[in-house]
Every structure is written in C-alpha cells, then in structure tokens.
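Worksheet for the structure shown next.
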Amino acid sequence: MSKDSKNNFVVLKNICKRFGQNTVIGDLDLEIEKGSLVTLLGPSGCGKTTVLRMVAGLEKPTSGQIFIDGEDVTDRSVQHRDICMVFQSYALFPHMSLYGNVAYGLKNLKLPADEISQRVDDALKLVNLEGMGDRFVDQISGGQQQRVALARALVLKPKVLLFDEPLSNLDANLRRSMRETIRDLQKRFNITSLYVTHDQAEAFAVSDKVVVMKDGDIMQQGAPSELYQVPDSLFMANFMGDANIFDGHFDGETITINGVQVKANQRTVESKASGHYQVGVRPEAITLSHEGQPEHICKVNKVVYMGAMYEVSVTWGEHELLLQINSTEFDTDIKDQAYLSVNPVGVFLLDPVVLSSKKVQPELTAEVA
Amino acid sequence: MTTLASAADGRISQLSQTRDPVFYWLLLMIGAFVLFPVFALDYGLMESTSDELYEAMGWSSQNVSWLWFGLPLLLFLRPLHAPARKKCRDAKSRHWFDIGWAGFCVLFIVISAWVQGTGLGYGCILLLLGLGAIATLGFSRLEFLGGDIFIIGALISIVTLISTFIIFPSASIFVPMFEGDMGEFAPWQFLDILGRRQIIQIIKNSILLGTTVGASATFFGLLFAIYTTRIAKRSAFIARIFSILPIVTPPFVVGLGVTLMLGRSGYITELMVDLFGLTKTNWLYGFPGIWMAQVLAFTPMSFMILDGAMKSLHPSLEEASYTLRANRSQTFMKVVMPLLKPALANSFLIVFVQSLADFSNPLVLGGSFDVLATQIYFYIAGAQLDYASASTLGAVLLIFSLAIFVIQYMWIGKRSYVTVSGKAYRGDVQPLPSFVRTGVTAFLYFWMAFTLLLYGSIVFGSFTVNWGVDYSLTLDNYIRLFGLGVTEGAWPSLISTMTYAGIAAPITAIFGLLIAYIVVRQQFHGKKVIEFATMLCFAVPGTVAGVSYILAFNDAPIYLTGTAAIVVISMVMRNVPVGIRSGIAGLGQLDKSLDEASLSLRASSFGTIIHVLVPLLRPAILSSLVYSFVRAMTTVSAIIFLVTPETRVATAYILNRVEDGEYGIAIAYGSILIFVMMAIILTFDRLVGEARNARTKAKEI
Ligand SMILES: Nc1ncnc2c1ncn2[C@@H]1O[C@H](COP(=O)(O)OP(=O)(O)O)[C@@H](O)[C@H]1O
Ligand SMILES: [Mg+2]
C-alpha cells in the first residue's frame, strides 16, 4: 500500500449534493487518514448526515467523487463499499435476537456457520454482552442496544466505520462511558472512522481530527486542541466556546490588547506575522485578583454561580467581558472592582484589522468572516 | 481486513469471469419456442386437440413467430463474459443497445400480432419475460437505481402490468365509440349517442343521484364522526362495525333488504297501509330506493374519512377559540368546519364516484330510473349488444371519475395516498350543547336500529317461503343452494369464487407491497408518474373496468375473454390499492434506517425485503391478504362482464337470481357470504391479536 493511499484512505473530492433545488453541500473536499477517527461537527441541519450517507452509499452525490482505499466508489452501492454504519436510532432488527442481529451481515456474506457463530460470540464479548445473544432488542437497555449496534458493525471488519450521532439517544452518564468504548475499540482495531455529532465535548473526546461544518461548508479542520486554541475565524472562535473579542496588535512576540501586553503562545508565534489583528480571549483565560497594574483594573458587573465555575461579567475599558473562573479558585470577596490577568494559552489571533478603521464594528467583522 | 478486501476483489473479478446471463435468457426463449405454443389456443391448453396444439406451435409453419423469436437472438453476438462493473464507454453503449433492442422486439411482437390478428400464447409470455429480463440487466449495468436488479425488475414488471391491465384497457374503451356498425370509422357517432333523450336523462339521473348521495352520506358521516369524537367516550365499536359491514356485505344484499322492508310487499309498507291507509306502495323503486341503499352503503366510508379528520383536530384549537370570546356555534363554523373542509370535500367526491360506479343497488331498486352503470350493463349483457353506446357511456363515466380524481389529487389529496396516520388527540373538549347531543345520539340509535332490522330481515327473509306472501319458515332456499350436491346450486360458484379470490389475494398483497415499497422507499425520476398511474386503479369505476377488459382482451394480441385468468387479473387489479395502502401504512411505521442498516450489512434489496421488511410487516401483509380476499369475493361491477357460465362467481350467481326474481335464494346466498366473510375477518383479527399477545408475553419473560 503506497504512502499516499494511507494518508488519504477515504477521500471526498468536489462533492456537491442537491435535494431538488436545495443545495445542501456546495463543494466539499475531505480526507480521512487510515486508522483515524474523523468527526464532522456542526449545528444541526448543516449537512453532516448527508455527507456521512454519501460515504455510506445511501445517498448519491450530485457531483464529485468518493474514494475508499484508492478505489472510486462513487457509483458503488452500499453493499459493495465495505463500510458499516452505526445509526442514530441504532436500527436494530426488532424481530431478531441479539445474535441474529450481529450475525445478519455475516450471513449475507455467506460465511460458514461455525465461523459466523465464532465471530458473533467474539463480537458480543467485545462489547460486554456475552451470553445475551438470545435476548431480543426490546429486552435490553438503551446502552446495551447501542453496544449491539456497535458489535453488529465491528463484526464485519469493514474498511470504514460510520457513526451518525450514535450517542444522542443515551443519557449523559452513559454517553461518557460509551464514547470511551467507541474510541477504545476504534483504536484497538485501527478502524478508519467517520463520526457525526453536534456535541463538541463528544467530538473532542473521540476524535483524531475534527471537521467543523456550517451550511454545508467546512469551516476549519484539525486536532481538537488546535481548533480550540487557534480558531481561524470569528465563527470558529464562537462555535468552539465563548470568546471575548478585541482589536489588538501582535509584534511577533507579544500581543497588546487594551494597553496590556500578553505573551503570544507558541502556535501564534509560529503561524502569524506581526500586525493588527482581531484578538480573541477565552473566558477561562482571564482571572481576577485584588491587586495588579492600573491598566488591568476592571469593573465587576455581575457574578453568577454555575457550580463548577463562576461566570463573571466585567467591564474593562470599553469592553464587556465574560469570564469563567473555576469555583475553587474564585475569590468570593471580589466585588465591584478587581484586577484581571490574562493567560497566554487562551489568547488567539483572528483576522488582520486594517489600521485606518480603528474601531471595527463586531457585526461588520462577522460579515467579513 | 486485508483478507476481506481481497475477497471482495475476488467477488468482483469472478463476476466478470462468469458467462453473461443474457445468454441464458436467450436460451430460455429458444426453449419456449420449441416447447410451448406461441399462439393463443381458443379452448385453453387442456381442452385443445393435438392438432390445434400443433397449429399453435410457432415451428409448425412459416409465420411471423420465427421473427418474434429470431430477432432477440441477434443479441447472441456479444462477448462471452459479462463486462466488469466499470464505467466503460463501450460497455455502456452495448447496454443501451440491449435495452433498446429488447424494447423494439416487444413493440414489434405486439404490433405485428395486432396487425395480423393473432393472439399471443404461452410461449410469448416466456419470450416477453426474457426480453424484460434483458432490459432489466441492461438498466442494472447502467447503474440505474444503484444497479439493483431486483428493484429494476420490479419496476419494469409494475410498469408493464399497469400499462397492460389498466392503461391499455382504459384507453380501449374509447375505441368502439368511434366505430360504426360495420366497423367503419364514425367520428361523430358518439355525439348522436349522447344526444339521445334517453341518454341525456341517464346522465342527469346519475349526476343527480351522485350529488344527493354524496351530500347525504357526508352529512350523516359527519354526524357519526361528531358522535364518536365528541359525545360517546367508548365508541370504538361503531368505527369497527362501520369498517367491517360494508366489506362483508355482498352487493345486492342491502338493496334486497331495503325491498324486504319498504318494497311493495315489505312489512313496513304493509304496516303503513294498515295504519295510515298508505296507497302509494311503489314509492321505493327509483330514485328514493337507490338513494336510501347507497346512503346506507356509503355513509360508513364518509364516516371513516371524517372521523379521522376530527380526531386529528387538536382540542386546543377549539379551546383557543373559546378563550378568544367565540361562542360554540362561532367556533364550530369558523374553526372546526374550515379545518374539516378538505375532509368533507374528499368524502363528498369519493362517495360521488362510488355512487356513479355502483351497479347493484340501481339494478335492484332502480325501477325505471336508469343510471350510467346499469345502462352500460344492459347495452352489453342485454339483447341489444350495443358496444358503441356502452363504450360512449363508459367513456363518460370514466371521464367523470378521472376528472374528480384529478380534482381530488390536485386540491386535497396530495397526501391522501400516503395515509396520514394523524395522531389521535382526544383531550376533553368542551361538551356540545345538549340538543345537539340528543339529536345526534337519537339519530345514531335510529340508524343502528334500522341497520339491525335490515340485516335481520335479510337473514329472516332467507328462511321464508315467499316474502310478503307466505312468511312461514323454510330451509328451502338453502337446500336449493347447497343441498343438491357440489355440482348444483351455489357450490360451483362458491368454489370458483374462493379459488379465484384465493389466487388473487396473495398476488394482490405482493404486488401492492412491492408498489408501496417502491413508492415509499425508492427515489427515482418518474416516481410521481408511477404513483399517479397506480392511483388510477382507484379511479376507474368497476363497470368501466369490466367493459374495458372485454373490449381490450377479446381480440389479438391478448386473448383472455372467457378465461379464469381474466377474472383473477381483474380481481387483482381492482384490489391492488388495498395492498398498496396497507403496505404504505406499514412501511410508514418502519424506520427507514432499518432498511439502510440491512443494506449496509451487505444484504441485497431483495434480501432486505425478505429478511427484514416482510417479518416486520406481517400484520400489514396479512391484513391486505384477508381484505383483498374478501373484497375479491364481493366484487361485482367489473366481474359480471367477464364471467362465463364456467367461471361464474358468487356475485354473478346472485345477480342471475335477482334478474330471475328469485330474491329468496339471492338473500340466502348473501347471508351465507356475510357469515363466511365475517368469520374470516374475525378469525384473522383474533390471530393477529394473539400473535401480538404472544409476542408481548415472550418479551416479559
Ligand atoms: N432526503 C432529503 N430530501 C430533502 N432534503 C434533505 C434530505 N436529507 C436532508 N435534507 C436537507 O439537507 C440539510 C442537511 O441535513 P442533514 O445532513 O440531515 O443535517 P445534519 O445531519 O447536519 O443535521 C437539511 O436542511 C435537510 O432538510
Ligand atoms: Mg444528522
């Protein structure tokens, strides 16, 4: 196998998808490395499922090509693509036992009976359901159903495994353990996977690479930490979490906002030229204390207790800022006035700002972005 | 993983190594030519003499069939192996050629058979099957519908069957209209026919009847719907009765029952004569009688439509209206009625069409009040044998029905096909004013009492010597029907009915499910056309269907008149909508991701249907089996044109008794049918219920 096809195990090239007059995917390119898990993340209705279904062969792209393992599969039907899919609704067959569900695909491949039963047992064991093969789907819990769906897909050892919001029907606790199970198994068997979710935490927890989509376009893709720490647009900055936006200046080493100098982090230093920028600061990167420099002074407007943290809104110069401060670190004596300090890790540069327009309207920048 | 991948590769390369299946289909054609008669046999395969059989063989003489079978064999000129599934220009154009050539051959066969006046025989069925298969292969290799052979084959079969058995006959009803007595072209003849006073009167009668019955049935249906949704808490049984009664009641029975009560010598009439000195004892025959029988017959249909519509009205709408200071009557007129308007219109139109197509009630109760459906029958079954007039009236009836169907489709019915399983909200709605409650309830009781009396009279009447004259009890009617051995009385017709309905029902269910599957689950260009054409099944009135079948299949190229096949085909085609509807309703409740999961687990679409959909749709399939069986047993309007003494079915037998004035025997047969069909339906309900219970119990363990 050439190195090239390893890096681009699944390739979507110039994919466009229209339903009637409605263009859902404009022109999309995507590559998935062999053995990695890539997540499509985006608000609901942005076309994630559509992309996934095109990879599966359940939907035909209006134009463009799809390659799996170097082969053009664009015209190949779902049975012949060597993919498996875990559906949002699990889509377990209610008239079959768990064993029947897991064995279904193997039977379609006309494998010998003893091999089938061996592989089904192994697969059920893998997802901790050994000995439950005789049960029916409505006799097991939601989490177990989810695991059956996973076993049913894994047992075929597909080239590509597809997940469409697999955890959305589970409650919060179960979601956490299930996503770990999925990630573990995916890594253990080194299965190339495409995963769809609208939940950022879930995406970050399971993915090697996250692809953020909006209205059928890819906004940015990269490792989770990269997306959070260096979002490349205002949309991304806000989508990945809250962000306080300033106009600032970057001189190659430090960033100046509101007259305060913050050391730029490594990623910024490596990727950006000096100049004037829109600067984003994550709310958790700002802390408050009782003393500091005069340019750090700010007015505390409101403190809201959220459990794990306090949300504090302050006015700093002409900026309204949102702060999130860990409950264990917040000094509850802080009232009215405080001094803020900024942690460089949570500071990132967005678009360059043209000097002449000293004060850029937020709406305007949003439009430009 | 690599082994799996290479296995897949192996599969693909193996595919390209196998012999192209087109060869096998061509061999099948040769076999058909050698072994089967390619021309129609006048007396069927069993009854023909060996000479006739020899004559019908294509190879017995020099004739056109050498060409029929020879032309497709041109396709032997091809590479031995099937092409790999790759986009290759060359292969592509050959697939197109295959399809085109198959299409051309079909056209050639049909047209040359028609021109020569020869009927197609069994051999040709295989020939056409082979050509269809070749076209299917071609389309599949062109990756139409994902290259799924099963879906493409099903689609081609559906299109062929619908064109042959619905569109072609419906078109051929227009032919005799333009043919004079000597078969010459007479373009203006139909105007003469339509200009006749009698015909104008008949059309007027039909429209008058249809409108009044449509309006009355809708009104009564609305009353009952108000009762079940707004007055009675436990009224499911009303819906149940209303849904079963019309299905299990054979034609003529309601008409005869009304006669028993209100006819010249009916007991209510006699009571009136005694009590009030009523002199006009003949009032029933004509418009009033037909009106009454049809209202009785069609109100349940309206009720079902309006009941569904009222249940889907959310009570909060009315409550909102009350909070906005509207009183009850304002709310009813300004909120409820406008929301019900589509359902009311739908009900009116459906009943109107049913009334136009109804044949049995006017025949029994019409007196001198002729309507389109009966007149068409008289033209063909009577001594007149006037095909031109029958065809003209049939065309009028067909055009009426189609026009109404189109109105419905465009205006209301966008969703009427895909059964809307509206959630039934039944919160506590504001109670109705008491006089409305009393009025509606009283009316409902009156109706129930009348229905009870009606069916009671039917059963009782079947045990009397001579209704109105001699009320003494006797088993005579039943003995004459069933007591004279299996070759006498009702037995032959009962057995053929059961046989034909038994053959037709599974075909109907499968065909309906297939159409439903393709309409609901597949996406392709022209789906709307298929959908529309199948809906046409609903729209062609039975009488027209019957006439059109004899006109279409009495002549080359397709010769079916007088056979049992045409009876079965007509039963299937009349009832396919039942299968489609239950298929669509069933599929609508199955998440599409189940199919997709099955496909993604390497099952073919056929495998998906067999292993996933059929088991899950079992109740829907069973119900369409049962209902199409029962409906096939009671069908009359199309069948009466198609049966012969040998293929006579129960309804035709009853019709003959009615025509002979042997009402006692007719209602005795009718009562038996009611009981048989009731038993079938109740048993079925029981079985489905038990299956459901067993499953829930199994789950609990
Ligand atoms: N079969 C379809 N027909 C028409 N429109 C569709 C179909 N499937 C999806 N869409 C449209 O495509 C858009 C994207 O849908 P989807 O891919 O399901 O979004 P997501 O999974 O990101 O929530 C939606 O606006 C939806 O209405
Ligand atoms: Mg989705």
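Every chain in the structure tokens has a letter given in the order shown (A, B, ...), and although residue numbers restart at 1 in each chain, ligands are simply numbered from 1 in the order shown.
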Go through the chains and note each residue within 7 Å of ligand 1, using only C-alpha atoms and all ligand atoms, then give the set as JSON, numbers by chain. {"A": [19, 24, 42, 43, 44, 45, 46, 47, 48, 49, 50, 51]}
Output C-alpha atoms for every residue in the selection just made, as a CSV table (one decimal), in the first residue's frame.
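Result file part-v4.csv:
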```csv
chain,number,residue,atom,x,y,z
A,19,PHE,CA,-32.1,17.8,-3.0
A,24,VAL,CA,-27.1,21.1,0.9
A,42,GLY,CA,-21.7,21.3,13.3
A,43,PRO,CA,-25.1,22.7,14.1
A,44,SER,CA,-28.0,20.5,13.2
A,45,GLY,CA,-29.1,20.9,9.6
A,46,CYS,CA,-25.6,21.8,8.3
A,47,GLY,CA,-25.3,18.6,6.2
A,48,LYS,CA,-23.2,16.3,8.4
A,49,THR,CA,-25.5,13.3,8.0
A,50,THR,CA,-25.8,13.9,4.3
A,51,VAL,CA,-22.0,13.7,3.9
```
Residues of chain A within 9 Å of chain B, counting only C-alpha atoms - could you list those as number ranges by chain? A: 56-58, 60, 75-95, 104-109, 135-136, 138-139, 152-153, 156-159
Can you tell me how far CA of Gly583 (chain B) sits from CA of Ile510 (chain B), in Å to one decimal? 9.3 Å
What parts of region 6-226 of chain A does DSSP call strand (DSSP E)? I'd like the answer as an MDAnalysis selection string. chainID A and resid 10:19 22:32 37:41 63:68 71:72 83:86 160:164 192:197 209:214 217:222
With only C-alpha atoms as the atoms that count, which of B:Thr651, B:Trp467, B:Ile203, B:Ile125 lies nearest to Gly263 (chain B)? B:Trp467
May I have the residues within 10 Å of region 449-451 of chain B as a PyMOL selection string, using only C-alpha atoms and disregarding those fewer than 6 positions away in the same chain? chain B and resi 254+257-258+261+296+443+457
Export of the given selection (N, CA, C and O atoms) as a CSV table (one decimal), in the first residue's frame:
```csv
chain,number,residue,atom,x,y,z
B,254,VAL,N,-78.0,-5.2,0.4
B,254,VAL,CA,-78.6,-4.0,1.0
B,254,VAL,C,-79.8,-3.7,0.2
B,254,VAL,O,-80.9,-3.4,0.8
B,257,GLY,N,-82.5,-6.1,1.0
B,257,GLY,CA,-83.0,-5.9,2.4
B,257,GLY,C,-84.0,-4.7,2.4
B,257,GLY,O,-85.0,-4.8,3.1
B,258,VAL,N,-83.6,-3.6,1.8
B,258,VAL,CA,-84.5,-2.4,1.8
B,258,VAL,C,-85.8,-2.8,1.1
B,258,VAL,O,-86.9,-2.4,1.6
B,261,MET,N,-88.1,-4.5,3.5
B,261,MET,CA,-88.7,-3.7,4.5
B,261,MET,C,-89.7,-2.7,3.9
B,261,MET,O,-90.8,-2.5,4.4
B,296,LEU,N,-77.0,4.1,2.8
B,296,LEU,CA,-76.7,3.1,3.8
B,296,LEU,C,-75.3,2.5,3.5
B,296,LEU,O,-74.5,2.2,4.4
B,443,PHE,N,-80.4,10.1,16.5
B,443,PHE,CA,-80.2,9.7,15.1
B,443,PHE,C,-79.4,8.4,14.9
B,443,PHE,O,-79.7,7.5,14.2
B,457,SER,N,-83.8,-8.6,8.7
B,457,SER,CA,-84.8,-9.0,7.6
B,457,SER,C,-84.1,-9.9,6.6
B,457,SER,O,-84.7,-10.8,6.1
```
Could you write out, as an MDAnalysis selection string, all the residues of region 17-258 of chain A that DSSP marks as helix (DSSP H, G or I)? chainID A and resid 48:56 78:80 98:108 113:126 137:139 142:154 172:189 200:206 224:229 234:239
Would you mind exporting C-alpha atoms of the selected residues as a tab-separated table (two decimals), in the first residue's frame?
```
chain	number	residue	atom	x	y	z
A	48	LYS	CA	-23.23	16.28	8.37
A	49	THR	CA	-25.54	13.32	8.00
A	50	THR	CA	-25.79	13.94	4.28
A	51	VAL	CA	-22.01	13.71	3.94
A	52	LEU	CA	-21.92	10.55	6.02
A	53	ARG	CA	-24.67	8.96	3.97
A	54	MET	CA	-22.84	9.77	0.77
A	55	VAL	CA	-19.78	8.00	2.09
A	56	ALA	CA	-22.01	5.08	3.03
A	78	VAL	CA	-23.86	0.47	-0.19
A	79	GLN	CA	-23.42	-3.31	-0.11
A	80	HIS	CA	-20.24	-3.17	-2.14
A	98	LEU	CA	-29.03	-10.02	19.50
A	99	TYR	CA	-27.25	-12.97	17.99
A	100	GLY	CA	-29.38	-12.69	14.85
A	101	ASN	CA	-28.65	-9.01	14.58
A	102	VAL	CA	-24.92	-9.44	14.83
A	103	ALA	CA	-24.88	-12.49	12.58
A	104	TYR	CA	-27.00	-10.82	9.91
A	105	GLY	CA	-24.15	-9.27	7.95
A	106	LEU	CA	-22.02	-12.41	8.18
A	107	LYS	CA	-24.89	-14.49	6.87
A	108	ASN	CA	-25.25	-12.12	3.95
A	113	ALA	CA	-21.93	-21.39	10.11
A	114	ASP	CA	-19.21	-22.15	12.61
A	115	GLU	CA	-17.20	-19.13	11.59
A	116	ILE	CA	-20.31	-17.00	11.95
A	117	SER	CA	-21.04	-18.21	15.44
A	118	GLN	CA	-17.42	-17.80	16.46
A	119	ARG	CA	-17.24	-14.25	15.19
A	120	VAL	CA	-20.61	-13.28	16.66
A	121	ASP	CA	-19.60	-14.60	20.07
A	122	ASP	CA	-16.33	-12.70	19.89
A	123	ALA	CA	-18.08	-9.54	18.88
A	124	LEU	CA	-20.64	-9.80	21.68
A	125	LYS	CA	-17.84	-10.39	24.13
A	126	LEU	CA	-16.04	-7.35	22.82
A	137	VAL	CA	-33.83	-5.91	21.26
A	138	ASP	CA	-36.69	-4.72	23.41
A	139	GLN	CA	-35.42	-6.72	26.37
A	142	GLY	CA	-30.53	1.66	25.52
A	143	GLY	CA	-26.84	1.45	26.30
A	144	GLN	CA	-26.83	-2.25	25.52
A	145	GLN	CA	-28.67	-1.63	22.28
A	146	GLN	CA	-26.00	0.84	21.37
A	147	ARG	CA	-23.35	-1.77	22.00
A	148	VAL	CA	-25.17	-4.33	19.91
A	149	ALA	CA	-25.25	-1.84	17.07
A	150	LEU	CA	-21.52	-1.39	17.52
A	151	ALA	CA	-20.88	-5.13	17.59
A	152	ARG	CA	-23.01	-5.64	14.51
A	153	ALA	CA	-20.85	-3.17	12.63
A	154	LEU	CA	-17.50	-4.29	14.02
A	172	ALA	CA	-25.39	11.90	29.99
A	173	ASN	CA	-23.57	9.34	32.16
A	174	LEU	CA	-23.88	6.57	29.65
A	175	ARG	CA	-22.74	8.87	26.91
A	176	ARG	CA	-19.41	9.38	28.55
A	177	SER	CA	-18.67	5.69	29.00
A	178	MET	CA	-19.98	4.80	25.54
A	179	ARG	CA	-17.80	7.31	23.83
A	180	GLU	CA	-14.83	5.82	25.61
A	181	THR	CA	-15.84	2.35	24.50
A	182	ILE	CA	-16.17	3.52	20.92
A	183	ARG	CA	-12.82	5.25	20.99
A	184	ASP	CA	-11.11	2.25	22.61
A	185	LEU	CA	-12.43	-0.25	20.10
A	186	GLN	CA	-11.72	2.04	17.20
A	187	LYS	CA	-8.12	2.42	18.31
A	188	ARG	CA	-7.69	-1.23	19.17
A	189	PHE	CA	-8.75	-2.40	15.72
A	200	GLN	CA	-18.45	19.47	20.87
A	201	ALA	CA	-17.39	17.60	24.00
A	202	GLU	CA	-18.19	14.30	22.34
A	203	ALA	CA	-16.32	15.29	19.20
A	204	PHE	CA	-13.25	16.30	21.20
A	205	ALA	CA	-13.35	13.14	23.28
A	206	VAL	CA	-13.34	10.66	20.42
A	224	PRO	CA	-9.34	19.30	18.89
A	225	SER	CA	-6.76	21.40	20.72
A	226	GLU	CA	-5.87	23.21	17.53
A	227	LEU	CA	-9.48	24.11	16.80
A	228	TYR	CA	-9.99	25.44	20.30
A	229	GLN	CA	-6.73	27.26	20.69
A	234	LEU	CA	-14.87	34.59	14.29
A	235	PHE	CA	-17.41	31.86	13.66
A	236	MET	CA	-14.98	29.22	14.79
A	237	ALA	CA	-13.98	31.24	17.85
A	238	ASN	CA	-17.58	31.46	18.97
A	239	PHE	CA	-18.60	27.99	17.88
```
Tell me, as a list of chain:residue names, which residues lie within 8 Å of Ile257 (chain A), counting only C-alpha atoms; anything in the same chain fewer than 5 positions away does not count. A:Phe246, A:Asp247, A:Gly248, A:His249, A:Val262, A:Val279
Nearest to ligand 2 by atom-to-atom distance, counting only C-alpha atoms and all ligand atoms, from A:Glu71, A:Asp199, A:Asp171, A:Asp134: A:Asp199
Determine, counting only C-alpha atoms, which protein, DNA and RNA residues have an atom within 12 Å of an atom of Ile200 (chain B); residues of the same chain fewer than 6 positions away are not included. Present the result as an NGL selection string. :B and (191-194 or 206-207 or 370-372 or 393 or 396)
Which is closer to ligand 2 than all the others in A:Gly317, A:Gly133, A:Gly346, A:Pro166, using only C-alpha atoms and all ligand atoms? A:Pro166
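Between CA of Phe250 (chain A) and CA of Gly275 (chain A) there is a distance of 5.3 Å.
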What's around Val568 (chain B) at 10 Å? Count only C-alpha atoms, leave out sequence neighbours fewer than 4 positions away in its own chain, and write the answer as a CSV table (one decimal) with all heavy atoms, in the first residue's frame.
```csv
chain,number,residue,atom,x,y,z
B,497,THR,N,-65.4,-18.8,-6.7
B,497,THR,CA,-65.1,-17.6,-6.1
B,497,THR,C,-64.0,-17.7,-5.1
B,497,THR,O,-63.0,-16.9,-5.1
B,497,THR,CB,-66.4,-17.1,-5.2
B,497,THR,OG1,-67.5,-17.1,-6.1
B,497,THR,CG2,-66.1,-15.7,-4.7
B,499,THR,N,-61.7,-20.0,-5.0
B,499,THR,CA,-60.4,-20.3,-5.7
B,499,THR,C,-59.8,-19.0,-6.3
B,499,THR,O,-58.7,-18.7,-6.1
B,499,THR,CB,-60.7,-21.3,-6.9
B,499,THR,OG1,-61.6,-22.3,-6.4
B,499,THR,CG2,-59.4,-21.9,-7.3
B,500,TYR,N,-60.7,-18.3,-7.1
B,500,TYR,CA,-60.2,-17.1,-7.7
B,500,TYR,C,-59.7,-16.1,-6.7
B,500,TYR,O,-58.6,-15.5,-6.8
B,500,TYR,CB,-61.2,-16.4,-8.6
B,500,TYR,CG,-61.7,-17.3,-9.7
B,500,TYR,CD1,-63.0,-17.1,-10.3
B,500,TYR,CD2,-60.9,-18.4,-10.3
B,500,TYR,CE1,-63.5,-17.9,-11.3
B,500,TYR,CE2,-61.4,-19.2,-11.3
B,500,TYR,CZ,-62.7,-18.9,-11.8
B,500,TYR,OH,-63.1,-19.7,-12.8
B,501,ALA,N,-60.5,-15.9,-5.7
B,501,ALA,CA,-60.1,-14.9,-4.7
B,501,ALA,C,-58.8,-15.4,-3.9
B,501,ALA,O,-58.0,-14.6,-3.6
B,501,ALA,CB,-61.2,-14.7,-3.7
B,502,GLY,N,-58.8,-16.7,-3.8
B,502,GLY,CA,-57.6,-17.3,-3.1
B,502,GLY,C,-56.3,-17.1,-3.9
B,502,GLY,O,-55.2,-16.9,-3.4
B,503,ILE,N,-56.5,-17.2,-5.3
B,503,ILE,CA,-55.3,-16.9,-6.1
B,503,ILE,C,-55.0,-15.5,-6.2
B,503,ILE,O,-53.8,-15.0,-6.1
B,503,ILE,CB,-55.6,-17.5,-7.6
B,503,ILE,CG1,-55.8,-19.0,-7.5
B,503,ILE,CG2,-54.4,-17.1,-8.5
B,503,ILE,CD1,-56.3,-19.5,-8.9
B,504,ALA,N,-56.1,-14.7,-6.3
B,504,ALA,CA,-55.9,-13.2,-6.4
B,504,ALA,C,-55.3,-12.6,-5.2
B,504,ALA,O,-54.4,-11.7,-5.3
B,504,ALA,CB,-57.2,-12.5,-6.8
B,505,ALA,N,-55.7,-13.0,-4.0
B,505,ALA,CA,-55.3,-12.3,-2.8
B,505,ALA,C,-53.8,-12.2,-2.6
B,505,ALA,O,-53.3,-11.1,-2.4
B,505,ALA,CB,-56.0,-12.9,-1.6
B,507,ILE,N,-51.4,-12.5,-4.8
B,507,ILE,CA,-50.8,-11.7,-5.8
B,507,ILE,C,-51.1,-10.2,-5.5
B,507,ILE,O,-50.2,-9.4,-5.6
B,507,ILE,CB,-51.4,-12.1,-7.2
B,507,ILE,CG1,-51.2,-13.6,-7.5
B,507,ILE,CG2,-50.8,-11.2,-8.3
B,507,ILE,CD1,-51.8,-14.0,-8.8
B,508,THR,N,-52.3,-9.9,-5.1
B,508,THR,CA,-52.6,-8.6,-4.8
B,508,THR,C,-51.7,-8.1,-3.7
B,508,THR,O,-51.2,-6.9,-3.8
B,508,THR,CB,-54.1,-8.5,-4.3
B,508,THR,OG1,-54.9,-9.2,-5.2
B,508,THR,CG2,-54.5,-7.0,-4.2
B,563,THR,N,-61.8,-16.6,-20.0
B,563,THR,CA,-60.9,-17.5,-19.2
B,563,THR,C,-61.0,-17.1,-17.7
B,563,THR,O,-61.5,-16.1,-17.3
B,563,THR,CB,-59.4,-17.3,-19.6
B,563,THR,OG1,-59.1,-15.9,-19.3
B,563,THR,CG2,-59.2,-17.6,-21.0
B,564,ALA,N,-60.6,-18.0,-16.9
B,564,ALA,CA,-60.5,-17.7,-15.4
B,564,ALA,C,-59.4,-16.7,-15.2
B,564,ALA,O,-59.5,-15.9,-14.3
B,564,ALA,CB,-60.2,-19.0,-14.6
B,572,VAL,N,-57.4,-8.9,-9.1
B,572,VAL,CA,-56.1,-8.3,-8.6
B,572,VAL,C,-56.0,-6.8,-8.8
B,572,VAL,O,-55.8,-6.0,-7.9
B,572,VAL,CB,-54.9,-9.0,-9.3
B,572,VAL,CG1,-53.6,-8.3,-8.9
B,572,VAL,CG2,-54.8,-10.5,-8.9
B,573,MET,N,-56.3,-6.4,-10.1
B,573,MET,CA,-56.2,-5.0,-10.4
B,573,MET,C,-57.2,-4.1,-9.7
B,573,MET,O,-56.9,-3.0,-9.4
B,573,MET,CB,-56.3,-4.9,-11.9
B,573,MET,CG,-55.2,-5.4,-12.7
B,573,MET,SD,-53.6,-4.5,-12.3
B,573,MET,CE,-52.4,-5.7,-12.7
B,574,ARG,N,-58.3,-4.7,-9.4
B,574,ARG,CA,-59.3,-3.8,-8.7
B,574,ARG,C,-58.9,-3.7,-7.2
B,574,ARG,O,-59.3,-2.7,-6.6
B,574,ARG,CB,-60.7,-4.5,-8.7
B,574,ARG,CG,-61.3,-4.8,-10.1
B,574,ARG,CD,-61.7,-3.5,-10.8
B,574,ARG,NE,-62.5,-2.6,-10.0
B,574,ARG,CZ,-62.5,-1.3,-10.2
B,574,ARG,NH1,-61.7,-0.8,-11.1
B,574,ARG,NH2,-63.2,-0.5,-9.5
B,632,ALA,N,-62.4,-9.4,-3.1
B,632,ALA,CA,-62.5,-10.2,-4.3
B,632,ALA,C,-63.7,-11.0,-4.3
B,632,ALA,O,-64.4,-11.2,-5.4
B,632,ALA,CB,-61.2,-11.0,-4.5
B,639,ILE,N,-66.6,-7.8,-12.6
B,639,ILE,CA,-66.6,-9.2,-12.8
B,639,ILE,C,-67.8,-9.7,-13.7
B,639,ILE,O,-67.6,-10.5,-14.6
B,639,ILE,CB,-66.8,-9.9,-11.4
B,639,ILE,CG1,-65.5,-9.8,-10.7
B,639,ILE,CG2,-67.1,-11.4,-11.6
B,639,ILE,CD1,-64.3,-10.6,-11.1
```
Suppose you want the space between CA of Phe460 (chain B) and CA of Ala239 (chain B); what is it in Å?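 Separation of CA of Phe460 (chain B) and CA of Ala239 (chain B): 25.8 Å.
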Restricting the calculation to only C-alpha atoms and all ligand atoms, which member of A:Val160, A:Val342, A:Ile66, A:Leu41 is positioned closest to ligand 2?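 So, comparing all the options, the nearest one is A:Leu41.
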Skip Val649 (chain B) itself and residues of its chain fewer than 5 positions away, then list as a list in words all residues within 7 Å of it, counting only C-alpha atoms. Ser493, Leu494, Ser496 and Thr497 of chain B
Go ahead and save the picked residues with N, CA, C and O atoms, as a CSV table (one decimal), in the first residue's frame.
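Generated file (out20.csv):
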```
chain,number,residue,atom,x,y,z
B,493,SER,N,-70.3,-22.0,-8.0
B,493,SER,CA,-69.9,-20.5,-8.0
B,493,SER,C,-69.1,-20.2,-6.7
B,493,SER,O,-68.2,-19.5,-6.7
B,494,LEU,N,-69.5,-20.9,-5.6
B,494,LEU,CA,-68.8,-20.6,-4.4
B,494,LEU,C,-67.4,-21.1,-4.4
B,494,LEU,O,-66.4,-20.4,-4.0
B,496,SER,N,-65.6,-21.6,-7.2
B,496,SER,CA,-64.8,-20.7,-8.1
B,496,SER,C,-64.4,-19.4,-7.4
B,496,SER,O,-63.3,-18.9,-7.5
B,497,THR,N,-65.4,-18.8,-6.7
B,497,THR,CA,-65.1,-17.6,-6.1
B,497,THR,C,-64.0,-17.7,-5.1
B,497,THR,O,-63.0,-16.9,-5.1
```
